[in-house]
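As stored in target.cif (mmCIF, C-alpha atoms):
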```cif
data_protein
loop_
_atom_site.label_atom_id
_atom_site.label_comp_id
_atom_site.auth_asym_id
_atom_site.auth_seq_id
_atom_site.Cartn_x
_atom_site.Cartn_y
_atom_site.Cartn_z
CA MET A 1 0.00 0.00 0.00
CA SER A 2 3.01 2.31 0.33
CA LEU A 3 3.15 2.97 -3.40
CA LEU A 4 -0.54 3.87 -3.53
CA SER A 5 -0.15 6.19 -0.55
CA ALA A 6 2.79 7.90 -2.19
CA LEU A 7 0.59 8.58 -5.18
CA GLY A 8 -2.03 10.18 -2.95
CA GLY A 9 -4.52 7.41 -3.65
CA VAL A 10 -7.28 6.16 -1.43
CA THR A 11 -8.21 2.51 -1.81
CA TRP A 12 -11.06 0.64 -0.25
CA LEU A 13 -13.08 -2.54 -0.81
CA ARG A 14 -16.79 -2.20 -1.54
CA SER A 15 -19.11 -5.06 -2.59
CA GLY A 16 -16.15 -7.22 -3.51
CA HIS A 17 -14.76 -4.77 -6.08
CA LEU A 18 -11.48 -2.93 -5.84
CA LEU A 19 -11.96 0.82 -6.44
CA ALA A 20 -9.09 3.26 -6.70
CA ARG A 21 -9.12 7.04 -6.66
CA HIS A 22 -6.21 9.42 -6.95
CA PHE A 23 -6.37 12.86 -5.31
CA SER A 24 -2.85 14.16 -5.85
CA GLN A 25 -2.36 17.65 -7.15
CA ALA A 26 -0.64 16.24 -10.20
CA ALA A 27 -3.72 14.21 -11.06
CA ARG A 28 -5.96 17.26 -10.66
CA ARG A 29 -3.71 19.13 -13.10
CA GLY A 30 -4.40 16.41 -15.67
CA GLU A 31 -0.98 14.79 -15.29
CA ARG A 32 -0.52 11.08 -14.79
CA PRO A 33 1.73 10.43 -11.77
CA GLY A 34 3.85 7.33 -11.97
CA GLY A 35 3.67 7.15 -15.75
CA GLU A 36 0.82 6.64 -18.18
CA GLU A 37 0.73 2.87 -17.80
CA LEU A 38 0.55 2.96 -13.97
CA SER A 39 -2.22 5.56 -13.92
CA ARG A 40 -4.38 3.40 -16.21
CA LEU A 41 -4.09 0.26 -14.07
CA ARG A 42 -5.41 -0.70 -10.65
CA LEU A 43 -3.02 -2.19 -8.13
CA ASP A 44 -3.46 -5.76 -6.95
CA ASP A 45 -3.01 -5.38 -3.19
CA LEU A 46 -5.86 -7.67 -2.13
CA ALA A 47 -6.59 -11.36 -2.32
CA PRO A 48 -7.90 -12.59 -5.67
CA THR A 49 -11.61 -13.08 -6.27
CA PRO A 50 -12.76 -16.62 -5.33
CA ARG A 51 -13.21 -17.89 -8.89
CA SER A 52 -14.86 -21.20 -8.04
CA ALA A 53 -17.73 -19.45 -6.26
CA GLN A 54 -18.38 -17.29 -9.31
CA GLY A 55 -18.02 -20.08 -11.88
CA LEU A 56 -14.79 -18.60 -13.24
CA GLU A 57 -11.48 -20.14 -14.27
CA LEU A 58 -8.02 -18.70 -14.85
CA LEU A 59 -6.99 -18.49 -18.50
CA PHE A 60 -3.25 -17.98 -18.94
CA GLY A 61 -0.83 -17.22 -21.74
CA LEU A 62 -0.60 -14.29 -24.15
CA SER A 63 -2.23 -15.88 -27.21
CA PRO A 64 -5.14 -17.54 -25.37
CA CYS A 65 -6.01 -14.33 -23.52
CA LEU A 66 -5.71 -12.10 -26.57
CA LEU A 67 -7.74 -14.41 -28.81
CA ALA A 68 -10.36 -14.85 -26.08
CA LEU A 69 -10.79 -11.07 -25.93
CA ARG A 70 -11.03 -10.83 -29.71
CA ALA A 71 -13.60 -13.63 -29.95
CA ALA A 72 -15.66 -12.25 -27.03
CA ARG A 73 -17.17 -15.67 -26.26
CA ARG A 74 -16.25 -15.61 -22.59
CA ARG A 75 -17.26 -13.32 -19.77
CA VAL A 76 -14.08 -11.69 -18.49
CA ALA A 77 -13.96 -10.66 -14.82
CA ARG A 78 -10.38 -9.35 -14.57
CA LEU A 79 -7.17 -9.11 -16.57
CA LEU A 80 -3.93 -9.75 -14.69
CA LEU A 81 -0.73 -8.37 -16.20
CA GLN A 82 2.59 -9.07 -14.54
CA ALA A 83 4.01 -6.05 -12.75
CA GLY A 84 7.54 -4.91 -13.37
CA ARG A 85 7.65 -5.34 -17.15
CA SER A 86 9.18 -2.29 -18.81
CA GLY A 87 6.38 -1.01 -21.00
CA LEU A 88 3.71 -2.88 -22.87
CA GLN A 89 4.22 -3.27 -26.60
CA GLY A 90 2.89 -5.34 -29.45
CA GLU A 91 0.27 -7.92 -28.49
CA ARG A 92 0.43 -6.99 -24.79
CA ALA A 93 -0.46 -3.41 -25.63
CA GLU A 94 -3.31 -4.67 -27.84
CA LEU A 95 -4.49 -6.84 -24.96
CA LEU A 96 -4.51 -3.82 -22.65
CA ARG A 97 -6.43 -1.67 -25.14
CA ALA A 98 -9.02 -4.40 -25.73
CA ALA A 99 -9.58 -4.82 -21.98
CA GLU A 100 -9.94 -1.08 -21.47
CA ALA A 101 -12.41 -0.83 -24.34
CA ARG A 102 -14.63 -3.37 -22.55
CA ASP A 103 -14.12 -1.78 -19.09
CA ILE A 104 -12.45 -4.91 -17.77
CA PRO A 105 -10.63 -4.34 -14.45
CA ILE A 106 -6.85 -4.61 -14.88
CA LEU A 107 -4.58 -5.69 -12.05
CA ARG A 108 -0.77 -5.79 -11.79
CA PRO A 109 0.28 -8.71 -9.57
CA ARG A 110 3.90 -9.65 -9.07
CA ARG A 111 5.43 -12.65 -10.84
CA GLN A 112 5.32 -14.80 -7.70
CA LYS A 113 1.57 -14.28 -7.30
CA LEU A 114 0.87 -15.09 -10.95
CA ASP A 115 2.98 -18.25 -10.64
CA ALA A 116 0.93 -19.37 -7.65
CA LEU A 117 -2.41 -18.50 -9.25
CA CYS A 118 -1.49 -20.49 -12.39
CA ARG A 119 -0.02 -23.36 -10.37
CA TYR A 120 3.32 -22.64 -12.02
CA GLN A 121 2.11 -23.05 -15.60
CA VAL A 122 3.84 -20.98 -18.30
CA HIS A 123 1.68 -17.84 -18.22
CA GLN A 124 3.96 -15.33 -20.05
CA GLY A 125 2.93 -12.66 -17.56
CA VAL A 126 -0.72 -12.63 -18.71
CA CYS A 127 -3.80 -14.19 -17.06
CA MET A 128 -7.55 -13.57 -17.17
CA GLU A 129 -10.39 -14.63 -14.90
CA VAL A 130 -13.01 -15.86 -17.36
CA SER A 131 -16.15 -17.96 -17.65
CA PRO A 132 -15.62 -21.53 -18.88
CA LEU A 133 -15.73 -22.39 -22.58
CA ARG A 134 -17.93 -25.37 -23.41
CA PRO A 135 -18.54 -27.29 -26.64
CA ARG A 136 -21.81 -26.55 -28.38
CA PRO A 137 -24.36 -29.28 -29.21
CA TRP A 138 -23.58 -30.81 -32.59
CA THR A 139 -27.13 -30.02 -33.71
CA GLU A 140 -25.96 -26.38 -33.90
CA ALA A 141 -23.23 -27.31 -36.38
CA GLY A 142 -25.61 -26.73 -39.28
CA GLU A 143 -26.45 -28.99 -42.16
CA ALA A 144 -23.66 -29.46 -44.69
CA ARG A 145 -24.78 -31.33 -47.78
CA PRO A 146 -22.12 -33.47 -49.50
CA GLY A 147 -22.98 -31.89 -52.84
CA ASP A 148 -22.22 -28.37 -51.60
CA ASN A 149 -18.47 -28.99 -51.38
CA PRO A 150 -16.90 -32.41 -51.95
CA GLN A 151 -13.82 -31.42 -49.91
CA GLN A 152 -15.34 -30.92 -46.48
CA LEU A 153 -13.46 -32.33 -43.52
CA TRP A 154 -14.80 -32.72 -40.01
CA LEU A 155 -12.59 -34.04 -37.21
CA VAL A 156 -14.30 -36.35 -34.71
CA LEU A 157 -12.59 -37.05 -31.36
CA GLU A 158 -13.66 -39.95 -29.16
CA GLY A 159 -12.57 -39.90 -25.55
CA LEU A 160 -9.43 -37.74 -25.68
CA GLN A 161 -8.55 -37.19 -22.02
CA ASP A 162 -5.19 -35.44 -21.93
CA PRO A 163 -5.74 -31.65 -22.14
CA ARG A 164 -2.41 -31.06 -23.83
CA ASN A 165 -3.15 -33.69 -26.45
CA LEU A 166 -6.56 -32.15 -27.09
CA GLY A 167 -5.09 -28.67 -27.36
CA ALA A 168 -2.37 -29.79 -29.77
CA VAL A 169 -4.93 -31.61 -31.93
CA LEU A 170 -7.15 -28.52 -32.07
CA ARG A 171 -4.17 -26.34 -32.98
CA SER A 172 -3.30 -28.59 -35.94
CA ALA A 173 -6.95 -28.82 -36.99
CA TYR A 174 -7.35 -25.05 -37.07
CA PHE A 175 -4.04 -24.49 -38.84
CA LEU A 176 -4.74 -27.05 -41.58
CA GLY A 177 -8.31 -25.93 -42.26
CA VAL A 178 -10.60 -28.51 -40.64
CA ASP A 179 -14.17 -27.29 -41.06
CA LYS A 180 -15.61 -28.50 -37.75
CA VAL A 181 -14.59 -30.50 -34.68
CA ILE A 182 -16.96 -32.90 -32.93
CA THR A 183 -16.10 -34.47 -29.56
CA SER A 184 -17.79 -37.20 -27.55
CA ARG A 185 -19.27 -35.73 -24.39
CA ARG A 186 -18.54 -38.83 -22.30
CA ASN A 187 -14.99 -39.56 -21.15
CA SER A 188 -13.58 -36.51 -22.94
CA CYS A 189 -11.45 -33.72 -21.56
CA PRO A 190 -13.35 -30.42 -21.16
CA LEU A 191 -12.09 -27.23 -22.82
CA THR A 192 -9.92 -26.17 -19.89
CA PRO A 193 -7.36 -23.33 -19.79
CA ILE A 194 -4.63 -25.93 -20.30
CA VAL A 195 -6.36 -27.00 -23.53
CA SER A 196 -6.47 -23.37 -24.64
CA LYS A 197 -2.78 -22.86 -23.86
CA ALA A 198 -1.76 -26.07 -25.66
CA SER A 199 -3.80 -24.95 -28.68
CA ALA A 200 -2.06 -21.52 -28.64
CA GLY A 201 -5.54 -20.03 -28.27
CA ALA A 202 -7.03 -21.76 -31.32
CA VAL A 203 -9.88 -23.17 -29.21
CA GLU A 204 -10.95 -19.59 -28.46
CA VAL A 205 -11.77 -18.87 -32.10
CA MET A 206 -12.81 -22.23 -33.58
CA ASP A 207 -16.12 -24.07 -33.31
CA VAL A 208 -16.04 -27.21 -31.18
CA PHE A 209 -19.22 -29.30 -30.89
CA SER A 210 -20.09 -32.37 -28.83
CA THR A 211 -22.56 -35.23 -28.88
CA ASP A 212 -23.81 -37.83 -26.39
CA ASP A 213 -24.37 -40.39 -29.14
CA LEU A 214 -21.24 -40.58 -31.27
CA ASP A 215 -22.25 -43.87 -32.92
CA GLY A 216 -25.60 -42.43 -33.98
CA PHE A 217 -23.96 -39.24 -35.23
CA LEU A 218 -21.52 -41.14 -37.45
CA GLN A 219 -24.23 -43.41 -38.83
CA ALA A 220 -26.47 -40.43 -39.62
CA LYS A 221 -23.67 -38.66 -41.52
CA ALA A 222 -22.88 -41.88 -43.43
CA ARG A 223 -26.51 -42.05 -44.58
CA GLN A 224 -26.15 -38.48 -45.84
CA GLY A 225 -23.26 -39.53 -48.08
CA TRP A 226 -20.27 -38.70 -45.88
CA LEU A 227 -17.26 -41.00 -45.70
CA VAL A 228 -16.55 -42.05 -42.11
CA ALA A 229 -12.82 -42.79 -41.86
CA GLY A 230 -11.51 -44.12 -38.58
CA THR A 231 -7.87 -44.38 -37.56
CA VAL A 232 -5.77 -47.25 -36.21
CA GLY A 233 -2.15 -47.80 -35.30
CA CYS A 234 0.28 -49.60 -37.55
CA PRO A 235 -1.75 -52.71 -38.52
CA GLY A 236 -0.27 -56.10 -37.79
CA PRO A 237 -1.34 -59.37 -39.41
CA GLU A 238 -3.95 -59.93 -36.69
CA ILE A 239 -5.66 -56.58 -37.44
CA SER A 240 -5.48 -56.83 -41.22
CA GLY A 241 -6.87 -60.37 -41.28
CA SER A 242 -9.66 -60.02 -38.72
CA SER A 243 -11.07 -56.60 -39.61
CA GLU A 244 -13.93 -56.48 -42.08
CA ILE A 245 -13.26 -52.76 -42.57
CA PRO A 246 -10.56 -52.00 -45.15
CA VAL A 247 -7.33 -50.55 -43.75
CA MET A 248 -5.43 -48.07 -45.90
CA SER A 249 -2.30 -45.97 -45.55
CA CYS A 250 -3.12 -42.28 -45.24
CA SER A 251 -0.66 -41.57 -48.08
CA GLU A 252 -2.88 -43.60 -50.44
CA PHE A 253 -6.17 -42.04 -49.38
CA LEU A 254 -8.01 -40.05 -52.07
CA TRP A 255 -10.13 -37.21 -50.68
CA ASP A 256 -12.95 -36.99 -53.18
CA ARG A 257 -16.00 -36.57 -50.97
CA PRO A 258 -16.94 -35.05 -47.58
CA THR A 259 -15.11 -36.95 -44.86
CA LEU A 260 -15.31 -37.45 -41.11
CA LEU A 261 -11.88 -38.32 -39.69
CA VAL A 262 -12.32 -40.13 -36.38
CA LEU A 263 -9.54 -40.29 -33.75
CA GLY A 264 -9.79 -42.41 -30.63
CA ASN A 265 -8.61 -42.41 -27.03
CA GLU A 266 -4.89 -42.08 -26.26
CA GLY A 267 -4.64 -45.59 -24.83
CA SER A 268 -7.45 -47.73 -26.23
CA GLY A 269 -8.10 -46.03 -29.55
CA LEU A 270 -11.55 -46.26 -31.09
CA SER A 271 -14.28 -48.10 -29.23
CA GLN A 272 -15.82 -51.13 -30.92
CA GLY A 273 -19.09 -49.31 -31.58
CA VAL A 274 -17.41 -46.32 -33.20
CA GLN A 275 -15.04 -48.48 -35.24
CA ALA A 276 -18.02 -50.53 -36.49
CA SER A 277 -19.55 -47.25 -37.75
CA CYS A 278 -16.47 -46.52 -39.88
CA GLN A 279 -16.35 -47.36 -43.59
CA LEU A 280 -12.56 -47.13 -43.80
CA LEU A 281 -9.61 -47.21 -41.41
CA LEU A 282 -6.58 -45.02 -42.08
CA THR A 283 -3.14 -45.72 -40.66
CA ILE A 284 0.34 -44.21 -40.74
CA LEU A 285 2.98 -46.63 -41.94
CA PRO A 286 6.35 -46.48 -40.14
CA GLY A 287 9.60 -45.92 -41.92
CA TRP A 288 11.09 -49.21 -40.74
CA GLN A 289 10.45 -52.30 -38.60
CA LEU A 290 9.40 -51.24 -35.10
CA PRO A 291 9.99 -53.11 -31.84
CA PRO A 292 6.93 -54.10 -29.76
CA GLY A 293 5.36 -51.21 -27.89
CA LEU A 294 6.28 -48.55 -30.44
CA GLU A 295 3.75 -49.39 -33.14
CA SER A 296 1.72 -46.20 -32.63
CA LEU A 297 2.19 -42.45 -32.36
CA ASN A 298 0.99 -39.90 -29.85
CA VAL A 299 -2.55 -38.93 -30.85
CA SER A 300 -1.66 -35.27 -31.43
CA VAL A 301 1.30 -36.21 -33.63
CA ALA A 302 -0.82 -38.71 -35.56
CA ALA A 303 -3.55 -36.09 -35.99
CA GLY A 304 -1.10 -33.64 -37.55
CA ILE A 305 0.22 -36.23 -40.02
CA LEU A 306 -3.24 -37.50 -40.98
CA LEU A 307 -4.76 -34.05 -41.37
CA HIS A 308 -1.86 -32.78 -43.47
CA SER A 309 -2.03 -35.88 -45.67
CA ILE A 310 -5.71 -35.17 -46.35
CA CYS A 311 -5.74 -31.36 -46.43
CA SER A 312 -2.78 -31.21 -48.83
CA GLN A 313 -5.18 -32.60 -51.43
CA ARG A 314 -7.38 -29.53 -51.15
CA LYS A 315 -7.61 -27.80 -54.51
CA GLY A 316 -6.34 -24.41 -53.36
CA PHE A 317 -3.45 -25.99 -51.47
CA SER A 318 -2.30 -28.00 -54.52
CA GLU A 319 -2.50 -25.00 -56.86
CA GLU A 320 -0.46 -22.91 -54.45
CA ARG A 321 2.23 -25.57 -54.21
CA LYS A 322 2.46 -25.74 -58.02
CA ARG A 323 2.87 -21.95 -58.21
CA GLU A 324 5.64 -22.08 -55.62
CA GLN A 325 7.43 -24.82 -57.53
CA LEU A 326 7.17 -22.89 -60.79
CA LEU A 327 8.42 -19.75 -59.09
CA GLN A 328 11.34 -21.60 -57.53
CA GLY A 329 12.27 -23.11 -60.91
CA SER A 330 12.13 -19.73 -62.63
CA ARG A 331 14.49 -18.25 -60.04
CA GLU A 332 17.28 -20.73 -60.86
CA PRO A 333 19.97 -18.93 -62.90
CA SER A 334 20.66 -20.23 -66.38
CA ALA A 335 24.19 -21.52 -66.94
CA THR A 336 24.13 -20.72 -70.69
CA SER A 337 22.13 -17.58 -71.18
CA GLY A 338 24.07 -15.31 -68.87
CA GLY A 339 20.97 -13.15 -68.80
CA PRO A 340 19.53 -11.57 -65.69
CA THR A 341 17.72 -13.68 -63.15
CA VAL A 342 14.08 -13.21 -62.26
CA SER A 343 13.45 -9.64 -61.17
CA SER A 344 12.08 -8.69 -57.78
CA GLY A 345 8.96 -7.41 -59.48
CA LEU A 346 8.01 -10.90 -60.64
CA SER A 347 8.65 -12.26 -57.16
CA SER A 348 6.42 -9.69 -55.50
CA GLY A 349 3.76 -10.22 -58.13
CA SER A 350 3.68 -13.93 -57.41
CA GLU A 351 3.50 -13.16 -53.71
CA LYS A 352 0.52 -10.94 -54.36
CA GLU A 353 -1.22 -13.76 -56.25
CA ARG A 354 -0.74 -16.07 -53.27
CA GLN A 355 -2.13 -13.50 -50.88
CA ASP A 356 -5.13 -12.79 -53.07
CA GLY A 357 -6.38 -16.39 -52.83
CA PRO A 358 -8.76 -17.18 -49.95
CA GLN A 359 -6.80 -20.20 -48.84
CA SER A 360 -3.52 -18.28 -48.75
CA VAL A 361 -4.93 -15.39 -46.75
CA GLU A 362 -6.46 -17.77 -44.22
CA GLY A 363 -3.24 -19.73 -44.00
CA LEU A 364 -1.17 -16.60 -43.41
CA SER A 365 -3.60 -15.42 -40.73
CA ARG A 366 -3.51 -18.75 -38.94
CA THR A 367 0.29 -18.92 -39.14
CA LYS A 368 0.58 -15.53 -37.47
CA SER A 369 -1.95 -16.35 -34.79
CA LEU A 370 -0.61 -19.73 -33.79
CA THR A 371 3.17 -19.46 -33.92
CA ALA A 372 3.45 -18.13 -30.35
CA SER A 373 2.23 -20.33 -27.54
#
```

Rewrite the structure of this file - the entire thing - as structure tokens.
Amino acid sequence: MSLLSALGGVTWLRSGHLLARHFSQAARRGERPGGEELSRLRLDDLAPTPRSAQGLELLFGLSPCLLALRAARRRVARLLLQAGRSGLQGERAELLRAAEARDIPILRPRRQKLDALCRYQVHQGVCMEVSPLRPRPWTEAGEARPGDNPQQLWLVLEGLQDPRNLGAVLRSAYFLGVDKVITSRRNSCPLTPIVSKASAGAVEVMDVFSTDDLDGFLQAKARQGWLVAGTVGCPGPEISGSSEIPVMSCSEFLWDRPTLLVLGNEGSGLSQGVQASCQLLLTILPGWQLPPGLESLNVSVAAGILLHSICSQRKGFSEERKREQLLQGSREPSATSGGPTVSSGLSSGSEKERQDGPQSVEGLSRTKSLTAS
């Protein structure tokens, strides 16, 4: 409280809210004692609000907090910015402006307090007290007819329980352009702050739906003309011989109609009921003979490989890759002509073509949003 007293401030607690007033002569003259940043922020000299009683949770990390403010899906009670940082620039300054625009109280706790509040997670000096984020019922996902776009891809997750796995899967799904994500409501990890941090905030801006009847959902989509493709580990002779469902390497899969890609639990994989609802099983073949116990990949790693294998077949993605290859070939100097190489004007023109395409713009936006975790 000594710093607040030195500033001529009077602080008191009323109805659970921290109010601060400054009565110094400098403040009455319109000046901002202690610097502009300090005068705009309230000091965190009291115990934090009991979040559990108010149905709040602590979101942490720069990208999750910033994207949560942009998306405005959560109720935000307070923003906590680590004290002692020299100035706020870039995304931290944007975070501060967004909170001020919504009249969100801003506190400046010390690093030790933030560490304790986050249970020593990597918070990057930024936390927010927010309402929980929950999946929406899959009935709100909207009807997508197979004839509308043959290259639709929905990711279906059955029983993922590790929040970091779930977050990493959602990050890859958003980056690679998955249209929707459906999770099983039973035995699945909720959308916790750890999930948001592991997804680099992607969960804050993407649509995640859930269903109580995953088997029925898959069967209904199959009747509508969707391909239901499950996933399995590296198939041994016992799997290949006993399964009535064809097993195919993801590198051989042809994406020519709307597809549901189904991933199972980290330990047990797909349940028997869900696997029976699949029309095809995709697998990732290893590069060499594997010893027992290493026949499968972490689910988030497998998700990235599978999704990239499928999404790289998207029309816009393939055309972009061809343009890049042509551009790279045209930049190679000729050994016989001795003429000038490709000018910078051609290079910038090709860059403009890539940015003008809808897929390229979306890809650039997602790359910028998700590189910092």

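Counting from CA of Leu67 (chain A), the distance to CA of Glu204 (chain A) is 6.1 Å.
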
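Distances from A:Leu260, A:Ala83, A:Leu166, A:Leu176 to Lys113 (chain A) were compared using only C-alpha atoms, and the smallest one belongs to A:Ala83.
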
Between region 77-188 of chain A and region 252-256 of chain A, at 10 Å or less, what are the per-residue closest atom pairs and their distances in Å? Count all atoms listed in the file, order by chain and rising residue number, and return it as a Markdown table.
```
| residue | atom | partner | partner_atom | distance |
| --- | --- | --- | --- | --- |
| A:Asn149 | CA | A:Asp256 | CA | 9.9 |
| A:Pro150 | CA | A:Asp256 | CA | 6.2 |
| A:Gln151 | CA | A:Asp256 | CA | 6.5 |
| A:Gln152 | CA | A:Trp255 | CA | 9.2 |
| A:Leu153 | CA | A:Trp255 | CA | 9.3 |
```

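Compared by their closest atoms to Leu95 (chain A), and using all atoms listed in the file, the residues A:Ser271, A:Gly304, A:Leu62, A:Leu117 rank with A:Leu62 nearest.
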
Near region 97-104 of chain A, counting all atoms listed in the file, which residues have an atom at most 9 Å away, once you skip same-chain residues fewer than 5 positions from it, shown as a list in words?
-> Arg40, Leu66, Leu69, Arg70, Val76, Ala77, Arg78, Leu79 and Arg92 of chain A

re CA of Leu133 (chain A) and CA of Gly230 (chain A): distance 27.3 Å

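One distance worth recording is that between CA of Arg134 (chain A) and CA of Thr211 (chain A), which is 12.2 Å.
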
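Distances here use all atoms listed in the file; by that measure, the residue among A:Pro193, A:Pro292, A:Gly177, A:Gly273 closest to Gln313 (chain A) is A:Gly177.
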
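For the set A:Leu157, A:Val178, A:Gly167, A:Leu58, the residue with the smallest atom-to-atom gap to Val130 (chain A) is A:Leu58, counting all atoms listed in the file.
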
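With all atoms listed in the file as the atoms that count, the minimum distance from Cys65 (chain A) to the choices A:Gln219, A:Ser277, A:Thr183, A:Gln124 is reached by A:Gln124.
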
Any chance you could resolve the PyMOL selection byres ((chain A and resi 163) around 10) against this file and give the residues as a PyMOL selection string?
-> chain A and resi 160-162+164-169+188-199

Given the file shown, enumerate the residues that the PyMOL selection byres ((chain A and resi 309) around 12) captures and present them as an NGL selection string.
-> :A and (176 or 249-255 or 261 or 282-284 or 302-308 or 310-314 or 317-318)

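Minimum atom-to-atom distance to Asp207 (chain A), evaluated using all atoms listed in the file, belongs to A:Ala71 out of A:Leu281, A:Cys234, A:Ala71, A:Leu81.
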
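Within 6 Å of Val181 (chain A), once all atoms listed in the file are used and residues closer than 6 positions along the same chain are dropped, the contacting residues are Trp154, Leu155, Val156 and Val208 of chain A.
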
On this structure, which residues satisfy the PyMOL selection byres ((chain A and resi 137) around 12), written as a PyMOL selection string?
-> chain A and resi 134-136+138-142+181-185+207-214+217

Just write the chosen residues, C-alpha atoms, as a tab-separated table (two decimals), keeping the file's coordinate frame.
```
chain	number	residue	atom	x	y	z
A	134	ARG	CA	-17.93	-25.37	-23.41
A	135	PRO	CA	-18.54	-27.29	-26.64
A	136	ARG	CA	-21.81	-26.55	-28.38
A	138	TRP	CA	-23.58	-30.81	-32.59
A	139	THR	CA	-27.13	-30.02	-33.71
A	140	GLU	CA	-25.96	-26.38	-33.90
A	141	ALA	CA	-23.23	-27.31	-36.38
A	142	GLY	CA	-25.61	-26.73	-39.28
A	181	VAL	CA	-14.59	-30.50	-34.68
A	182	ILE	CA	-16.96	-32.90	-32.93
A	183	THR	CA	-16.10	-34.47	-29.56
A	184	SER	CA	-17.79	-37.20	-27.55
A	185	ARG	CA	-19.27	-35.73	-24.39
A	207	ASP	CA	-16.12	-24.07	-33.31
A	208	VAL	CA	-16.04	-27.21	-31.18
A	209	PHE	CA	-19.22	-29.30	-30.89
A	210	SER	CA	-20.09	-32.37	-28.83
A	211	THR	CA	-22.56	-35.23	-28.88
A	212	ASP	CA	-23.81	-37.83	-26.39
A	213	ASP	CA	-24.37	-40.39	-29.14
A	214	LEU	CA	-21.24	-40.58	-31.27
A	217	PHE	CA	-23.96	-39.24	-35.23
```

For Gly61 (chain A), list every protein, DNA or RNA residue within 9 Å, evaluated using all atoms listed in the file, and leave out those in the same chain fewer than 5 positions away; present the list as an MDAnalysis selection string.
-> chainID A and resid 66 121:128 196:197 200:201 373
